[in-house]
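Shown here: model.txt, compact mmCIF, C-alpha atoms.
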```
# COMPACT_ATOMS: atom_id res chain seq x y z
CA GLN A 1 0.00 0.00 0.00
CA ASP A 2 1.09 3.50 -0.71
CA ASP A 3 1.96 5.40 2.46
CA GLY A 4 -1.12 7.54 3.14
CA LEU A 5 -3.51 5.56 0.92
CA LEU A 6 -5.01 3.79 3.92
CA GLY A 7 -5.56 7.16 5.61
CA GLU A 8 -7.20 8.58 2.49
CA SER A 9 -9.45 5.52 2.26
CA ILE A 10 -10.54 5.77 5.90
CA ARG A 11 -11.26 9.49 5.56
CA TYR A 12 -13.17 8.93 2.30
CA ALA A 13 -15.36 6.24 3.88
CA ALA A 14 -16.04 8.29 7.03
CA ASP A 15 -16.94 11.39 5.01
CA ARG A 16 -19.51 9.37 3.08
CA GLY A 17 -21.23 8.03 6.20
CA ALA A 18 -19.62 4.62 6.65
CA GLN A 19 -20.58 3.21 10.03
CA VAL A 20 -17.99 0.39 10.05
CA ILE A 21 -14.61 0.59 8.36
CA TYR A 22 -12.29 -2.38 7.94
CA ALA A 23 -8.72 -1.03 7.89
CA GLY A 24 -6.64 -3.76 6.29
CA ILE A 25 -2.96 -3.48 7.15
CA THR A 26 -0.53 -5.03 4.70
CA ASP A 27 2.45 -2.72 5.02
CA GLU A 28 4.26 -1.58 8.15
CA ALA A 29 4.63 1.94 6.73
CA THR A 30 0.87 2.49 6.92
CA LEU A 31 0.92 1.79 10.64
CA THR A 32 2.80 4.97 11.45
CA SER A 33 1.57 7.24 8.67
CA ALA A 34 0.52 10.69 9.90
CA ALA A 35 -2.26 10.61 7.31
CA THR A 36 -3.54 7.30 8.69
CA GLU A 37 -3.42 8.58 12.27
CA ALA A 38 -5.34 11.75 11.36
CA ALA A 39 -7.88 9.77 9.34
CA VAL A 40 -8.51 7.34 12.21
CA SER A 41 -9.18 10.27 14.57
CA HIS A 42 -11.45 11.87 11.97
CA ALA A 43 -13.46 8.67 11.40
CA LEU A 44 -13.86 8.02 15.12
CA SER A 45 -15.07 11.59 15.66
CA ARG A 46 -17.78 10.90 13.06
CA GLY A 47 -18.89 7.77 14.98
CA ALA A 48 -17.44 5.22 12.56
CA VAL A 49 -16.25 1.94 14.02
CA ILE A 50 -12.77 0.98 12.77
CA VAL A 51 -11.83 -2.70 12.80
CA THR A 52 -8.32 -3.89 12.02
CA SER A 53 -6.25 -7.00 12.39
CA ASP A 54 -2.74 -6.79 13.71
CA TYR A 55 -0.10 -8.30 11.49
CA ASP A 56 3.25 -9.15 13.03
CA PHE A 57 5.98 -7.02 11.50
CA GLY A 58 8.68 -8.27 13.87
CA SER A 59 8.14 -5.72 16.61
CA ASP A 60 7.99 -6.41 20.34
CA ASP A 61 5.12 -8.68 21.27
CA GLN A 62 3.64 -6.74 24.16
CA GLU A 63 3.54 -3.23 22.73
CA TYR A 64 0.44 -1.46 21.51
CA HIS A 65 0.28 -1.23 17.73
CA PHE A 66 -1.35 1.52 15.69
CA PRO A 67 -4.08 1.63 14.55
CA ALA A 68 -5.26 -1.43 16.51
CA GLY A 69 -4.10 0.08 19.80
CA ALA A 70 -5.71 3.50 19.24
CA PRO A 71 -8.60 4.27 21.58
CA GLY A 72 -11.87 3.38 19.88
CA VAL A 73 -10.30 1.09 17.27
CA ILE A 74 -11.16 -2.59 17.45
CA GLY A 75 -8.04 -4.73 17.12
CA VAL A 76 -8.73 -8.35 16.20
CA ALA A 77 -6.49 -11.36 16.79
CA GLY A 78 -6.79 -14.50 14.71
CA VAL A 79 -7.43 -17.84 16.41
CA THR A 80 -7.88 -21.22 14.72
CA VAL A 81 -11.22 -22.80 15.56
CA PRO A 82 -11.18 -26.63 15.76
CA GLY A 83 -13.34 -28.54 13.30
CA VAL A 84 -12.93 -26.08 10.42
CA ASP A 85 -10.20 -26.01 7.78
CA PRO A 86 -7.07 -24.48 9.32
CA PRO A 87 -5.37 -21.47 7.73
CA ARG A 88 -3.32 -22.28 4.62
CA SER A 89 -0.15 -20.85 6.10
CA ALA A 90 1.00 -21.13 9.68
CA THR A 91 1.18 -17.75 11.37
CA ARG A 92 2.33 -17.20 14.88
CA PRO A 93 -0.36 -15.76 17.13
CA GLN A 94 -0.30 -12.06 17.62
CA LEU A 95 0.81 -11.36 21.17
CA ASN A 96 0.22 -7.74 21.94
CA ALA A 97 -2.08 -5.64 24.03
CA SER A 98 -3.77 -4.08 20.97
CA MET A 99 -6.21 -6.97 20.62
CA LEU A 100 -9.77 -6.39 21.81
CA VAL A 101 -11.36 -9.63 20.58
CA ALA A 102 -10.45 -12.62 18.43
CA GLY A 103 -11.99 -13.94 15.25
CA PRO A 104 -11.59 -17.27 13.49
CA ASP A 105 -8.60 -17.27 11.12
CA ASN A 106 -9.56 -20.59 9.51
CA SER A 107 -9.59 -21.00 5.74
CA TYR A 108 -13.00 -20.15 4.25
CA PRO A 109 -13.82 -20.83 0.59
CA GLU A 110 -15.31 -17.99 -1.43
CA PRO A 111 -16.20 -17.59 -5.10
CA GLY A 112 -13.70 -15.65 -7.20
CA PRO A 113 -14.66 -13.14 -9.90
CA THR A 114 -14.58 -15.74 -12.71
CA GLY A 115 -16.21 -18.58 -10.78
CA GLU A 116 -13.09 -20.21 -9.32
CA ILE A 117 -13.00 -20.88 -5.59
CA TRP A 118 -10.61 -18.78 -3.53
CA ALA A 119 -9.86 -19.12 0.16
CA GLU A 120 -9.55 -16.33 2.70
CA ASP A 121 -7.82 -16.96 6.00
CA GLY A 122 -5.49 -15.52 8.58
CA PRO A 123 -5.76 -12.12 10.25
CA ALA A 124 -7.90 -10.67 7.44
CA ALA A 125 -10.54 -13.38 7.89
CA ALA A 126 -10.54 -12.86 11.65
CA ALA A 127 -11.03 -9.11 11.30
CA ALA A 128 -13.79 -9.65 8.72
CA TRP A 129 -15.77 -11.64 11.30
CA ALA A 130 -15.44 -8.80 13.80
CA ALA A 131 -16.26 -6.12 11.21
CA GLY A 132 -19.37 -8.02 10.18
CA THR A 133 -20.42 -8.37 13.80
CA ALA A 134 -19.82 -4.65 14.40
CA ALA A 135 -22.00 -3.92 11.35
CA LEU A 136 -24.77 -6.07 12.85
CA ILE A 137 -24.54 -4.10 16.09
CA LYS A 138 -24.60 -0.75 14.24
CA SER A 139 -27.61 -1.90 12.17
CA VAL A 140 -29.60 -2.32 15.38
CA CYS A 141 -28.11 0.67 17.25
CA PRO A 142 -26.80 3.09 14.57
CA HIS A 143 -25.96 5.86 17.04
CA LEU A 144 -23.84 3.65 19.30
CA SER A 145 -20.33 5.07 19.68
CA PRO A 146 -17.30 3.06 18.51
CA VAL A 147 -16.27 2.44 22.11
CA LEU A 148 -19.69 1.04 23.00
CA VAL A 149 -19.66 -1.20 19.92
CA GLY A 150 -16.32 -2.52 21.20
CA ARG A 151 -17.90 -3.10 24.60
CA ALA A 152 -20.78 -5.01 23.01
CA LEU A 153 -18.26 -7.21 21.18
CA ILE A 154 -16.49 -7.91 24.47
CA LEU A 155 -19.65 -8.66 26.43
CA SER A 156 -21.03 -10.99 23.75
CA ALA A 157 -17.73 -12.80 23.11
CA ARG A 158 -17.44 -16.52 23.76
CA TYR A 159 -14.58 -18.67 24.98
CA HIS A 160 -13.06 -16.07 27.26
CA PRO A 161 -9.40 -16.73 28.03
CA PRO A 162 -8.33 -17.58 31.59
CA GLY A 163 -8.13 -14.39 33.61
CA GLY A 164 -10.56 -12.64 31.23
CA TYR A 165 -7.97 -11.23 28.78
CA SER A 166 -5.15 -12.62 26.69
CA THR A 167 -2.69 -10.84 24.40
CA SER A 168 -3.35 -13.54 21.79
CA ALA A 169 -7.17 -13.63 21.95
CA GLY A 170 -8.31 -10.36 23.51
CA PHE A 171 -11.44 -10.76 25.62
CA GLY A 172 -12.63 -13.82 23.69
CA LEU A 173 -13.95 -15.05 20.35
CA VAL A 174 -16.35 -12.74 18.54
CA ASN A 175 -19.91 -14.05 18.65
CA PRO A 176 -22.17 -12.64 15.90
CA ALA A 177 -25.24 -14.41 17.30
CA GLY A 178 -24.58 -12.98 20.77
```

Write out the structure in this file as structure tokens.
Amino acid sequence: QDDGLLGESIRYAADRGAQVIYAGITDEATLTSAATEAAVSHALSRGAVIVTSDYDFGSDDQEYHFPAGAPGVIGVAGVTVPGVDPPRSATRPQLNASMLVAGPDNSYPEPGPTGEIWAEDGPAAAAAWAAGTAALIKSVCPHLSPVLVGRALILSARYHPPGGYSTSAGFGLVNPAG
């Protein structure tokens, strides 16, 4: 991604009334972009929920990562759920305090643009589960603030880790039905 493109995309979506924004991170440079930081603040001030996964770029495990660690942003860890196809590539669990909840990172088949079957997995799949769940919450309570949407995700989560929170699974597995 071009440095600043993620920020422009977030700002564009927020200015057009997006209630939930999935901020996909594929490049470490976008994590510290001033444009991205400003856009996240702008979107949150407009009431948009921002959901992001946290990819491991080789930094210290316990630090807070931007944008996942920004107040009001929902950071999502990927966990492999038993009984479903595992992710295609082994990724080490994210271990940092930026994670609010976890989503399944299993491999899910999806139709491609020309009819072939693709598979989505890993941190992007986990964050998609959380973004979809946040969209369900906002569809019922459109004026709920991003922080309260995060709270609803926490309170409805299943499979809470011992002690209530884990740096690899947040407060538990996102539960769309909950």

(request) One decimal, Å: what's the distance from atom CA of Pro104 of chain A over to atom CA of Ala125 of chain A, could you say? (result) 6.9 Å

(message) Neighbouring residues of segment 4-10 of chain A were defined as those with any atom within 6 Å, considering only C-alpha atoms; residues of the same chain fewer than 2 positions away were excluded. Please report them as a ChimeraX atom specification.
(response) /A:2,12-13,35-36,39

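If only C-alpha atoms are the atoms counted, then among A:Pro113, A:Val147, A:Leu153, A:Ala102 the closest residue to Gly172 of chain A is A:Ala102.
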
(request) Fewer than 5 positions away in the same chain doesn't count, so skip those; otherwise give me all residues within 12 Å of Val76 of chain A, counting all atoms listed in the file, as a VMD selection string. (result) chain A and resid 22 to 25 50 to 55 65 67 to 69 93 to 105 122 to 131 133 to 134 150 153 to 154 166 to 174

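From atom CA of Gly47 of chain A back to atom CA of Leu155 of chain A, the distance works out to 20.0 Å.
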
(message) So that I can see what lies close to Val49 of chain A, please list as an MDAnalysis selection string the residues with an atom at most 10 Å from it, counting only C-alpha atoms and leaving out residues fewer than 6 positions away in the same chain.
(response) chainID A and resid 14 18:22 40 43 72:74 131 134:135 138 144:150

Same residues, C-alpha atoms, output as a compact mmCIF listing (two decimals), in the frame of the given file:
```txt
# COMPACT_ATOMS: atom_id res chain seq x y z
CA ALA A 14 -16.04 8.29 7.03
CA ALA A 18 -19.62 4.62 6.65
CA GLN A 19 -20.58 3.21 10.03
CA VAL A 20 -17.99 0.39 10.05
CA ILE A 21 -14.61 0.59 8.36
CA TYR A 22 -12.29 -2.38 7.94
CA VAL A 40 -8.51 7.34 12.21
CA ALA A 43 -13.46 8.67 11.40
CA GLY A 72 -11.87 3.38 19.88
CA VAL A 73 -10.30 1.09 17.27
CA ILE A 74 -11.16 -2.59 17.45
CA ALA A 131 -16.26 -6.12 11.21
CA ALA A 134 -19.82 -4.65 14.40
CA ALA A 135 -22.00 -3.92 11.35
CA LYS A 138 -24.60 -0.75 14.24
CA LEU A 144 -23.84 3.65 19.30
CA SER A 145 -20.33 5.07 19.68
CA PRO A 146 -17.30 3.06 18.51
CA VAL A 147 -16.27 2.44 22.11
CA LEU A 148 -19.69 1.04 23.00
CA VAL A 149 -19.66 -1.20 19.92
CA GLY A 150 -16.32 -2.52 21.20
```

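Note that the spacing between atom CA of Ala38 of chain A and atom CA of Arg11 of chain A amounts to 8.6 Å.
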
With N, CA and C atoms as the goal, would you fill in the gaps in segment 104-121 of chain A and present it as a PDB file, keeping the file's coordinate frame?
```pdb
ATOM      1  N   PRO A 104     -12.160 -16.070  14.074  1.00  0.00           N
ATOM      2  CA  PRO A 104     -11.590 -17.270  13.490  1.00  0.00           C
ATOM      3  C   PRO A 104     -10.718 -16.941  12.279  1.00  0.00           C
ATOM      4  N   ASP A 105      -9.507 -17.510  12.257  1.00  0.00           N
ATOM      5  CA  ASP A 105      -8.600 -17.270  11.120  1.00  0.00           C
ATOM      6  C   ASP A 105      -8.537 -18.483  10.199  1.00  0.00           C
ATOM      7  N   ASN A 106      -9.508 -19.384  10.337  1.00  0.00           N
ATOM      8  CA  ASN A 106      -9.560 -20.590   9.510  1.00  0.00           C
ATOM      9  C   ASN A 106      -9.712 -20.226   8.035  1.00  0.00           C
ATOM     10  N   SER A 107      -9.472 -21.198   7.179  1.00  0.00           N
ATOM     11  CA  SER A 107      -9.590 -21.000   5.740  1.00  0.00           C
ATOM     12  C   SER A 107     -11.049 -21.170   5.324  1.00  0.00           C
ATOM     13  N   TYR A 108     -11.610 -20.139   4.686  1.00  0.00           N
ATOM     14  CA  TYR A 108     -13.000 -20.150   4.250  1.00  0.00           C
ATOM     15  C   TYR A 108     -13.050 -20.013   2.732  1.00  0.00           C
ATOM     16  N   PRO A 109     -13.729 -20.945   2.046  1.00  0.00           N
ATOM     17  CA  PRO A 109     -13.820 -20.830   0.590  1.00  0.00           C
ATOM     18  C   PRO A 109     -14.773 -19.703   0.199  1.00  0.00           C
ATOM     19  N   GLU A 110     -14.439 -19.036  -0.903  1.00  0.00           N
ATOM     20  CA  GLU A 110     -15.310 -17.990  -1.430  1.00  0.00           C
ATOM     21  C   GLU A 110     -15.182 -17.980  -2.942  1.00  0.00           C
ATOM     22  N   PRO A 111     -16.266 -17.605  -3.640  1.00  0.00           N
ATOM     23  CA  PRO A 111     -16.200 -17.590  -5.100  1.00  0.00           C
ATOM     24  C   PRO A 111     -15.358 -16.422  -5.598  1.00  0.00           C
ATOM     25  N   GLY A 112     -14.504 -16.694  -6.572  1.00  0.00           N
ATOM     26  CA  GLY A 112     -13.700 -15.650  -7.200  1.00  0.00           C
ATOM     27  C   GLY A 112     -14.491 -14.969  -8.299  1.00  0.00           C
ATOM     28  N   PRO A 113     -13.926 -13.927  -8.904  1.00  0.00           N
ATOM     29  CA  PRO A 113     -14.660 -13.140  -9.900  1.00  0.00           C
ATOM     30  C   PRO A 113     -15.008 -13.920 -11.175  1.00  0.00           C
ATOM     31  N   THR A 114     -14.281 -14.972 -11.490  1.00  0.00           N
ATOM     32  CA  THR A 114     -14.580 -15.740 -12.710  1.00  0.00           C
ATOM     33  C   THR A 114     -15.100 -17.130 -12.387  1.00  0.00           C
ATOM     34  N   GLY A 115     -15.603 -17.324 -11.164  1.00  0.00           N
ATOM     35  CA  GLY A 115     -16.210 -18.580 -10.780  1.00  0.00           C
ATOM     36  C   GLY A 115     -15.304 -19.554 -10.054  1.00  0.00           C
ATOM     37  N   GLU A 116     -13.981 -19.314 -10.058  1.00  0.00           N
ATOM     38  CA  GLU A 116     -13.090 -20.210  -9.320  1.00  0.00           C
ATOM     39  C   GLU A 116     -13.276 -19.993  -7.818  1.00  0.00           C
ATOM     40  N   ILE A 117     -12.863 -20.968  -7.046  1.00  0.00           N
ATOM     41  CA  ILE A 117     -13.000 -20.880  -5.590  1.00  0.00           C
ATOM     42  C   ILE A 117     -11.679 -20.395  -4.999  1.00  0.00           C
ATOM     43  N   TRP A 118     -11.756 -19.319  -4.253  1.00  0.00           N
ATOM     44  CA  TRP A 118     -10.610 -18.780  -3.530  1.00  0.00           C
ATOM     45  C   TRP A 118     -10.777 -19.135  -2.067  1.00  0.00           C
ATOM     46  N   ALA A 119      -9.763 -18.898  -1.283  1.00  0.00           N
ATOM     47  CA  ALA A 119      -9.860 -19.120   0.160  1.00  0.00           C
ATOM     48  C   ALA A 119      -9.293 -17.901   0.875  1.00  0.00           C
ATOM     49  N   GLU A 120     -10.001 -17.443   1.871  1.00  0.00           N
ATOM     50  CA  GLU A 120      -9.550 -16.330   2.700  1.00  0.00           C
ATOM     51  C   GLU A 120      -9.274 -16.886   4.077  1.00  0.00           C
ATOM     52  N   ASP A 121      -8.141 -16.487   4.663  1.00  0.00           N
ATOM     53  CA  ASP A 121      -7.820 -16.960   6.000  1.00  0.00           C
ATOM     54  C   ASP A 121      -6.869 -15.985   6.667  1.00  0.00           C
TER      55      ASP A 121
END
```
